[in-house]
file target_7.tsv (TSV, C-alpha atoms)
chain	number	residue	atom	x	y	z
V	14	MET	CA	122.14	114.38	92.85
V	15	VAL	CA	120.12	111.82	90.95
V	16	HIS	CA	118.50	113.02	87.76
V	17	TRP	CA	114.96	111.77	87.31
V	18	THR	CA	113.04	112.23	84.08
V	19	ASP	CA	109.37	113.19	84.23
V	20	GLU	CA	108.49	109.74	82.91
V	21	GLU	CA	110.43	108.06	85.69
V	22	ARG	CA	108.78	110.20	88.37
V	23	GLN	CA	105.40	109.44	86.84
V	24	ALA	CA	106.12	105.69	86.63
V	25	ILE	CA	107.12	105.57	90.27
V	26	SER	CA	104.33	107.70	91.69
V	27	SER	CA	101.55	106.10	89.66
V	28	THR	CA	102.60	102.60	90.73
V	29	TRP	CA	103.01	103.74	94.33
V	30	ALA	CA	99.52	105.24	94.37
V	31	GLU	CA	98.04	101.82	93.57
V	32	ILE	CA	99.76	99.66	96.12
V	33	ASN	CA	98.68	98.59	99.54
V	34	VAL	CA	101.81	99.40	101.51
V	35	GLU	CA	101.23	96.83	104.21
V	36	GLU	CA	100.38	94.04	101.79
V	37	VAL	CA	103.26	94.63	99.39
V	38	GLY	CA	105.71	95.18	102.24
V	39	HIS	CA	104.63	91.88	103.75
V	40	GLN	CA	104.92	90.01	100.48
V	41	ALA	CA	108.30	91.44	99.57
V	42	LEU	CA	109.81	90.71	102.96
V	43	ALA	CA	108.27	87.23	103.16
V	44	ARG	CA	109.63	86.53	99.69
V	45	VAL	CA	113.15	87.57	100.70
V	46	LEU	CA	113.03	85.33	103.77
V	47	VAL	CA	111.91	82.34	101.68
V	48	VAL	CA	114.04	82.83	98.56
V	49	TYR	CA	117.20	83.87	100.41
V	50	PRO	CA	116.78	82.07	103.72
V	51	TRP	CA	120.14	83.22	105.04
V	52	THR	CA	118.55	86.65	105.44
V	53	GLN	CA	116.66	85.19	108.39
V	54	ARG	CA	119.84	85.78	110.39
V	55	TYR	CA	118.63	89.30	111.05
V	56	PHE	CA	115.29	88.23	112.45
V	57	SER	CA	116.06	85.81	115.24
V	58	THR	CA	113.43	87.50	117.44
V	59	PHE	CA	110.64	86.99	114.92
V	60	GLY	CA	109.56	83.56	116.12
V	61	ASN	CA	108.55	80.88	113.63
V	62	LEU	CA	110.27	81.30	110.24
V	63	SER	CA	110.70	77.58	109.66
V	64	ASN	CA	108.88	77.34	106.32
V	65	ALA	CA	107.11	79.45	103.71
V	66	THR	CA	103.70	79.04	105.36
V	67	ALA	CA	105.03	80.08	108.76
V	68	ILE	CA	106.76	83.08	107.22
V	69	ALA	CA	103.64	84.15	105.32
V	70	GLY	CA	101.55	83.98	108.48
V	71	ASN	CA	104.07	85.55	110.82
V	72	PRO	CA	102.69	88.84	112.22
V	73	LYS	CA	106.16	90.23	112.94
V	74	VAL	CA	107.10	89.76	109.30
V	75	ARG	CA	103.96	91.61	108.27
V	76	ALA	CA	104.62	94.48	110.67
V	77	HIS	CA	108.21	94.81	109.63
V	78	GLY	CA	107.37	94.63	105.94
V	79	LYS	CA	105.03	97.57	106.41
V	80	ARG	CA	107.74	99.50	108.22
V	81	VAL	CA	110.17	98.93	105.38
V	82	LEU	CA	107.68	100.00	102.75
V	83	ASP	CA	106.69	103.10	104.73
V	84	ALA	CA	110.35	104.05	104.65
V	85	LEU	CA	110.37	103.52	100.89
V	86	GLY	CA	107.47	105.96	100.75
V	87	ASP	CA	109.76	108.54	102.37
V	88	ALA	CA	112.28	108.08	99.60
V	89	ILE	CA	109.57	108.44	96.98
V	90	THR	CA	108.38	111.69	98.59
V	91	HIS	CA	111.95	112.97	98.52
V	92	LEU	CA	113.16	111.61	95.21
V	93	ASP	CA	115.55	114.54	94.76
V	94	ASN	CA	117.27	113.92	98.04
V	95	VAL	CA	117.16	110.27	98.96
V	96	SER	CA	120.69	110.30	100.41
V	97	ALA	CA	119.90	112.95	103.00
V	98	THR	CA	116.49	111.43	103.73
V	99	TYR	CA	118.13	108.07	104.50
V	100	ALA	CA	121.25	109.26	106.35
V	101	LYS	CA	119.99	108.21	109.79
V	102	LEU	CA	118.51	104.97	108.47
V	103	SER	CA	121.82	104.13	106.82
V	104	GLN	CA	123.67	104.75	110.04
V	105	LEU	CA	121.19	102.56	111.89
V	106	HIS	CA	121.64	99.66	109.46
V	107	SER	CA	125.39	99.93	109.65
V	108	GLU	CA	126.12	100.66	113.26
V	109	LYS	CA	123.21	99.12	115.16
V	110	LEU	CA	121.70	96.47	112.91
V	111	HIS	CA	124.93	95.41	111.16
V	112	VAL	CA	123.10	94.49	107.97
V	113	ASP	CA	125.22	93.50	104.95
V	114	PRO	CA	124.26	96.03	102.23
V	115	GLU	CA	123.91	93.14	99.78
V	116	ASN	CA	120.56	92.57	101.49
V	117	PHE	CA	119.27	95.95	100.26
V	118	ARG	CA	119.88	94.72	96.73
V	119	LEU	CA	118.09	91.44	97.40
V	120	LEU	CA	115.06	93.19	98.86
V	121	GLY	CA	115.03	95.60	95.91
V	122	GLU	CA	114.92	92.67	93.48
V	123	THR	CA	112.17	90.86	95.32
V	124	LEU	CA	110.11	94.04	95.64
V	125	ILE	CA	110.25	94.41	91.87
V	126	ILE	CA	109.12	90.80	91.48
V	127	SER	CA	106.28	91.40	93.97
V	128	LEU	CA	105.18	94.44	91.96
V	129	ALA	CA	105.22	92.36	88.78
V	130	ALA	CA	103.03	89.73	90.47
V	131	GLN	CA	100.52	92.40	91.42
V	132	PHE	CA	100.42	94.43	88.23
V	133	GLY	CA	101.08	91.82	85.57
V	134	ALA	CA	101.41	93.28	82.08
V	135	ALA	CA	100.79	96.78	83.46
V	136	PHE	CA	104.23	96.56	85.02
V	137	THR	CA	105.81	97.41	81.67
V	138	PRO	CA	109.55	97.27	80.93
V	139	ASP	CA	109.74	101.08	81.18
V	140	ILE	CA	108.01	101.13	84.55
V	141	GLN	CA	110.25	98.31	85.70
V	142	ALA	CA	113.28	100.32	84.59
V	143	ALA	CA	112.18	103.33	86.67
V	144	TRP	CA	111.68	101.12	89.72
V	145	GLN	CA	115.04	99.41	89.21
V	146	LYS	CA	116.63	102.85	89.20
V	147	LEU	CA	114.77	103.73	92.40
V	148	MET	CA	115.97	100.49	94.02
V	149	ALA	CA	119.55	101.29	93.00
V	150	VAL	CA	119.28	104.82	94.45
V	151	VAL	CA	117.75	103.51	97.68
V	152	THR	CA	120.44	100.82	97.99
V	153	ALA	CA	123.18	103.40	97.46
V	154	ALA	CA	121.66	105.78	100.03
V	155	LEU	CA	121.29	103.03	102.62
V	156	SER	CA	124.87	101.91	102.00
V	157	LYS	CA	126.29	105.40	102.26
V	158	GLN	CA	126.99	105.59	106.00
V	159	TYR	CA	128.87	102.29	106.07
V	160	TYR	CA	132.59	102.50	106.72
R	9	MET	CA	123.08	75.16	96.28
R	10	THR	CA	121.61	72.03	94.70
R	11	LEU	CA	118.07	71.56	93.44
R	12	SER	CA	115.91	69.50	95.76
R	13	ALA	CA	113.29	67.10	94.41
R	14	HIS	CA	110.67	69.66	95.43
R	15	ASP	CA	112.46	72.44	93.52
R	16	LYS	CA	112.58	70.26	90.39
R	17	GLU	CA	108.88	69.48	90.77
R	18	LEU	CA	107.97	73.15	91.07
R	19	VAL	CA	110.07	74.08	88.03
R	20	ALA	CA	108.48	71.31	85.95
R	21	LYS	CA	104.96	72.28	87.05
R	22	THR	CA	105.54	75.92	86.18
R	23	TRP	CA	106.96	74.99	82.82
R	24	THR	CA	103.85	73.00	81.94
R	25	LYS	CA	101.76	76.09	82.74
R	26	ILE	CA	103.80	78.53	80.69
R	27	ALA	CA	104.91	76.28	77.82
R	28	PRO	CA	102.11	77.47	75.49
R	29	LYS	CA	103.34	81.06	75.96
R	30	ALA	CA	107.04	80.27	76.08
R	31	ALA	CA	107.94	82.26	72.98
R	32	GLN	CA	106.13	85.35	74.26
R	33	ILE	CA	107.63	85.05	77.71
R	34	GLY	CA	111.12	84.61	76.33
R	35	GLY	CA	110.69	87.60	74.04
R	36	GLU	CA	109.44	89.74	76.89
R	37	ALA	CA	112.22	88.69	79.26
R	38	LEU	CA	114.87	89.66	76.73
R	39	GLY	CA	113.02	92.91	75.95
R	40	ARG	CA	112.99	93.73	79.66
R	41	LEU	CA	116.72	92.95	79.83
R	42	ILE	CA	117.44	95.51	77.11
R	43	ALA	CA	115.10	98.10	78.64
R	44	VAL	CA	116.29	97.77	82.21
R	45	PHE	CA	119.98	97.00	81.59
R	46	PRO	CA	120.78	98.88	78.38
R	47	GLN	CA	124.43	97.81	78.52
R	48	THR	CA	123.24	94.36	77.39
R	49	LYS	CA	122.50	95.86	73.97
R	50	THR	CA	126.19	95.54	73.25
R	51	TYR	CA	125.66	91.84	72.58
R	52	PHE	CA	123.10	92.56	69.87
R	53	SER	CA	124.84	95.15	67.74
R	54	HIS	CA	124.45	92.76	64.79
R	55	PHE	CA	120.67	93.09	64.99
R	56	ALA	CA	119.31	95.88	62.82
R	57	ASP	CA	116.94	96.82	65.63
R	58	HIS	CA	118.30	96.22	69.11
R	59	SER	CA	115.68	98.14	71.02
R	60	ALA	CA	113.58	96.50	73.72
R	61	SER	CA	110.62	96.12	71.37
R	62	SER	CA	112.59	94.79	68.41
R	63	PRO	CA	111.11	91.72	66.69
R	64	GLN	CA	114.64	90.30	66.41
R	65	ILE	CA	115.11	90.66	70.14
R	66	LYS	CA	111.75	88.98	70.75
R	67	ALA	CA	112.61	86.12	68.41
R	68	HIS	CA	115.92	85.67	70.14
R	69	GLY	CA	114.25	85.68	73.54
R	70	ALA	CA	111.94	82.92	72.33
R	71	LYS	CA	115.00	80.90	71.32
R	72	VAL	CA	116.61	81.42	74.72
R	73	LEU	CA	113.50	80.25	76.53
R	74	GLY	CA	113.32	77.20	74.26
R	75	ALA	CA	116.79	76.26	75.45
R	76	ILE	CA	115.71	76.76	79.04
R	77	GLY	CA	112.82	74.41	78.31
R	78	GLN	CA	115.39	71.81	77.24
R	79	ALA	CA	117.15	72.27	80.53
R	80	VAL	CA	113.82	71.75	82.30
R	81	SER	CA	113.29	68.46	80.44
R	82	GLY	CA	116.78	67.37	81.36
R	83	ILE	CA	116.74	68.84	84.82
R	84	ASP	CA	118.49	65.86	86.36
R	85	ASN	CA	121.55	66.60	84.29
R	86	VAL	CA	121.52	70.21	83.12
R	87	SER	CA	125.22	70.00	82.32
R	88	ALA	CA	124.53	67.31	79.72
R	89	SER	CA	121.35	68.97	78.41
R	90	LEU	CA	123.11	72.26	77.75
R	91	SER	CA	126.52	70.93	76.80
R	92	LYS	CA	126.50	72.36	73.26
R	93	LEU	CA	125.24	75.75	74.43
R	94	SER	CA	127.89	75.75	77.10
R	95	GLU	CA	130.56	75.39	74.41
R	96	LEU	CA	128.90	78.00	72.23
R	97	HIS	CA	128.91	80.55	75.03
R	98	ALA	CA	132.49	79.75	76.02
R	99	TYR	CA	134.13	79.79	72.61
R	100	ASN	CA	131.90	81.87	70.35
R	101	LEU	CA	129.49	84.12	72.18
R	102	ARG	CA	131.60	84.83	75.26
R	103	VAL	CA	128.80	86.73	76.94
R	104	ASP	CA	130.12	87.94	80.27
R	105	PRO	CA	128.56	85.65	82.90
R	106	VAL	CA	127.32	88.62	84.92
R	107	ASN	CA	124.61	88.96	82.27
R	108	PHE	CA	123.19	85.51	83.01
R	109	LYS	CA	122.18	86.90	86.42
R	110	LEU	CA	120.56	89.92	84.82
R	111	LEU	CA	118.55	87.77	82.41
R	112	ALA	CA	117.59	85.41	85.24
R	113	HIS	CA	116.19	88.44	87.05
R	114	THR	CA	114.16	89.72	84.11
R	115	LEU	CA	112.90	86.21	83.45
R	116	LEU	CA	111.73	85.95	87.06
R	117	VAL	CA	110.00	89.34	86.70
R	118	THR	CA	108.29	88.15	83.52
R	119	LEU	CA	107.20	84.86	85.08
R	120	SER	CA	105.88	86.82	88.04
R	121	ALA	CA	103.93	89.15	85.77
R	122	TYR	CA	102.38	86.20	83.91
R	123	LEU	CA	101.68	83.98	86.91
R	124	GLY	CA	100.71	86.56	89.54
R	125	ALA	CA	99.82	84.94	92.82
R	126	GLU	CA	100.81	81.52	91.43
R	127	PHE	CA	104.41	82.74	91.40
R	128	THR	CA	104.66	82.02	95.10
R	129	PRO	CA	107.86	82.55	97.08
R	130	GLU	CA	108.54	78.79	96.84
R	131	VAL	CA	108.11	78.75	93.08
R	132	HIS	CA	110.31	81.86	92.87
R	133	LEU	CA	112.95	80.12	95.00
R	134	ALA	CA	112.95	77.01	92.81
R	135	TRP	CA	113.33	79.06	89.62
R	136	ASP	CA	116.02	81.30	91.13
R	137	LYS	CA	118.05	78.20	91.98
R	138	PHE	CA	117.37	76.57	88.62
R	139	LEU	CA	118.40	79.65	86.63
R	140	ALA	CA	121.54	79.96	88.74
R	141	LEU	CA	122.34	76.37	87.80
R	142	VAL	CA	121.74	77.13	84.12
R	143	ALA	CA	124.07	80.13	84.41
R	144	THR	CA	126.76	78.00	86.03
R	145	VAL	CA	126.51	75.37	83.29
R	146	LEU	CA	126.67	78.01	80.54
R	147	SER	CA	129.82	79.56	82.00
R	148	GLU	CA	131.48	76.30	83.03
R	149	LYS	CA	133.82	76.08	80.02
R	150	TYR	CA	134.84	79.74	79.93
R	151	ARG	CA	138.27	79.15	81.41

call {"tool": "encode", "arguments": {"input": "target_7.tsv", "output": "structure tokens"}}
result
Amino acid sequence: MVHWTDEERQAISSTWAEINVEEVGHQALARVLVVYPWTQRYFSTFGNLSNATAIAGNPKVRAHGKRVLDALGDAITHLDNVSATYAKLSQLHSEKLHVDPENFRLLGETLIISLAAQFGAAFTPDIQAAWQKLMAVVTAALSKQYY
Amino acid sequence: MTLSAHDKELVAKTWTKIAPKAAQIGGEALGRLIAVFPQTKTYFSHFADHSASSPQIKAHGAKVLGAIGQAVSGIDNVSASLSKLSELHAYNLRVDPVNFKLLAHTLLVTLSAYLGAEFTPEVHLAWDKFLALVATVLSEKYR
């Protein structure tokens, strides 16, 4: 069971309330595909990912980014039980999608950087710390069903 | 993973933009490191105040970013530009190299916060590679 302080819960929910899920999801995923291009290995059906402009304009990337962030919303709604909330998703990533869990960490890092780009100074060190903790919890939950 | 000419160009361009605020950015990056990765405080036990908002931490962050600026100026040979610091880290400071990654991350977060939309994925990529190179150079004499 993860222990969350009131401040951490507040930091996470107040940031979450201000983001456009589709936009941030798109940016975070596009960023991962550009900064860590080997992650494109999982998206061979996405069409043109040949450069940053193509990636930014790719509708499949946008749709998938939204999907990922919607799932993050689930975790945020169930902060006290992320592991159980993500059990099926973890199984999916392991058994069907065969995604190296290192990629969860990479996406977590780029999401944080995307949030910093949006919020600027308002994304304070304390708020960042709460989100880093959330990313670590989400990564652990998604990695849990791997064997 | 070597720096392309385009990467070097993007790093240099960014540096020109942020150079006037380098001290602030460095201070903030180190402050974020302490706040987000509290285990890094162990390297600053000699500071009277080693909290994230400490003036000593901010001053030290400014120093660190100054050194990174030197690496930017000498980007064609970072190994030569940072040779003295490489020795310092290997023989005196002996900061575990895992922390270079952590600071690279908080520096990227800080750059992102300052530059907003200008911190495009391509700029982010160039800096990620550059900071990884800096980390490699700093740890190259460890053993």

call {"tool": "atom_distance", "arguments": {"input": "target_7.tsv", "atom1": "atom CA of V:Arg44", "atom2": "atom CA of R:Pro129"}}
result
5.1 Å

call {"tool": "interface_residues", "arguments": {"input": "target_7.tsv", "of": "chain R", "to": "chain V", "cutoff": "8 Å", "atoms": "only C-alpha atoms", "output": "NGL selection string"}}
result
:R and (39-40 or 43-44 or 113 or 116-118 or 120-125 or 127 or 129-130 or 132-133 or 136)

call {"tool": "residues_around", "arguments": {"input": "target_7.tsv", "residues": "V:Thr98", "least_positions_apart": "5", "cutoff": "9 Å", "atoms": "only C-alpha atoms", "output": "number ranges by chain"}}
result
V: 87-88, 91, 154

call {"tool": "write_last_selection", "arguments": {"input": "target_7.tsv", "atoms": "C-alpha atoms", "output": "PDB file, keeping the file's coordinate frame"}}
result
ATOM      1  CA  ASP V  87     109.760 108.540 102.370  1.00  0.00           C
ATOM      2  CA  ALA V  88     112.280 108.080  99.600  1.00  0.00           C
ATOM      3  CA  HIS V  91     111.950 112.970  98.520  1.00  0.00           C
ATOM      4  CA  ALA V 154     121.660 105.780 100.030  1.00  0.00           C
TER       5      ALA V 154
END

call {"tool": "closest_residue", "arguments": {"input": "target_7.tsv", "among": "V:Ser156, V:Ala24, V:Lys101, V:Ile32", "to": "V:Arg118", "atoms": "all atoms listed in the file"}}
result
V:Ser156

call {"tool": "closest_residue", "arguments": {"input": "target_7.tsv", "among": "R:Ala60, R:Gln78, R:Ser53, R:Leu73", "to": "R:Ala31", "atoms": "only C-alpha atoms"}}
result
R:Leu73

call {"tool": "atom_distance", "arguments": {"input": "target_7.tsv", "atom1": "atom CA of R:Tyr99", "atom2": "atom CA of R:Gln32"}}
result
28.6 Å

call {"tool": "axis_aligned_box", "arguments": {"input": "target_7.tsv", "around": "stretch 48-59 of chain V", "padding_each_side": "5 Å", "output": "AutoDock Vina command-line options"}}
result
--center_x 115.4 --center_y 85.7 --center_z 108.0 --size_x 19.5 --size_y 17.2 --size_z 28.9

call {"tool": "build_atoms", "arguments": {"input": "target_7.tsv", "residues": "stretch 20-41 of chain R", "atoms": "N, CA, C and O atoms", "output": "short mmCIF file (atom, residue, chain, number, x, y, z; two decimals), in the coordinates of the input"}}
result
data_model
loop_
_atom_site.label_atom_id
_atom_site.label_comp_id
_atom_site.auth_asym_id
_atom_site.auth_seq_id
_atom_site.Cartn_x
_atom_site.Cartn_y
_atom_site.Cartn_z
N ALA R 20 109.18 72.07 87.00
CA ALA R 20 108.48 71.31 85.95
C ALA R 20 107.01 71.72 85.86
O ALA R 20 106.47 71.91 84.76
N LYS R 21 106.38 71.88 87.01
CA LYS R 21 104.96 72.28 87.05
C LYS R 21 104.76 73.65 86.40
O LYS R 21 103.83 73.85 85.63
N THR R 22 105.64 74.58 86.75
CA THR R 22 105.54 75.92 86.18
C THR R 22 105.71 75.85 84.68
O THR R 22 104.99 76.51 83.92
N TRP R 23 106.68 75.06 84.25
CA TRP R 23 106.96 74.99 82.82
C TRP R 23 105.73 74.51 82.05
O TRP R 23 105.38 75.04 80.99
N THR R 24 105.06 73.51 82.61
CA THR R 24 103.85 73.00 81.94
C THR R 24 102.83 74.13 81.79
O THR R 24 102.18 74.25 80.76
N LYS R 25 102.72 74.98 82.81
CA LYS R 25 101.76 76.09 82.74
C LYS R 25 102.13 77.09 81.67
O LYS R 25 101.27 77.61 80.96
N ILE R 26 103.42 77.42 81.58
CA ILE R 26 103.80 78.53 80.69
C ILE R 26 104.21 78.08 79.30
O ILE R 26 104.35 78.91 78.41
N ALA R 27 104.41 76.77 79.11
CA ALA R 27 104.91 76.28 77.82
C ALA R 27 104.15 76.83 76.61
O ALA R 27 104.78 77.22 75.63
N PRO R 28 102.82 76.92 76.66
CA PRO R 28 102.11 77.47 75.49
C PRO R 28 102.51 78.91 75.17
O PRO R 28 102.38 79.37 74.04
N LYS R 29 102.99 79.65 76.20
CA LYS R 29 103.34 81.06 75.96
C LYS R 29 104.85 81.27 76.01
O LYS R 29 105.33 82.38 76.20
N ALA R 30 105.60 80.18 75.87
CA ALA R 30 107.04 80.27 76.08
C ALA R 30 107.70 81.31 75.17
O ALA R 30 108.55 82.08 75.62
N ALA R 31 107.29 81.34 73.92
CA ALA R 31 107.94 82.26 72.98
C ALA R 31 107.72 83.71 73.42
O ALA R 31 108.64 84.53 73.44
N GLN R 32 106.48 83.99 73.81
CA GLN R 32 106.13 85.35 74.26
C GLN R 32 106.91 85.73 75.51
O GLN R 32 107.42 86.83 75.64
N ILE R 33 106.96 84.78 76.44
CA ILE R 33 107.63 85.05 77.71
C ILE R 33 109.11 85.29 77.49
O ILE R 33 109.71 86.21 78.04
N GLY R 34 109.70 84.44 76.64
CA GLY R 34 111.12 84.61 76.33
C GLY R 34 111.39 85.95 75.68
O GLY R 34 112.32 86.67 76.06
N GLY R 35 110.54 86.32 74.73
CA GLY R 35 110.69 87.60 74.04
C GLY R 35 110.58 88.77 75.02
O GLY R 35 111.36 89.72 74.97
N GLU R 36 109.63 88.65 75.93
CA GLU R 36 109.44 89.74 76.89
C GLU R 36 110.61 89.84 77.86
O GLU R 36 111.07 90.94 78.20
N ALA R 37 111.10 88.68 78.30
CA ALA R 37 112.22 88.69 79.26
C ALA R 37 113.44 89.36 78.64
O ALA R 37 114.12 90.16 79.30
N LEU R 38 113.70 89.06 77.37
CA LEU R 38 114.87 89.66 76.73
C LEU R 38 114.62 91.15 76.48
O LEU R 38 115.52 91.98 76.65
N GLY R 39 113.39 91.49 76.13
CA GLY R 39 113.02 92.91 75.95
C GLY R 39 113.21 93.69 77.25
O GLY R 39 113.74 94.80 77.25
N ARG R 40 112.81 93.07 78.36
CA ARG R 40 112.99 93.73 79.66
C ARG R 40 114.49 93.89 79.96
O ARG R 40 114.92 94.89 80.52
N LEU R 41 115.27 92.88 79.58
CA LEU R 41 116.72 92.95 79.83
C LEU R 41 117.29 94.19 79.13
O LEU R 41 118.03 94.97 79.74
#
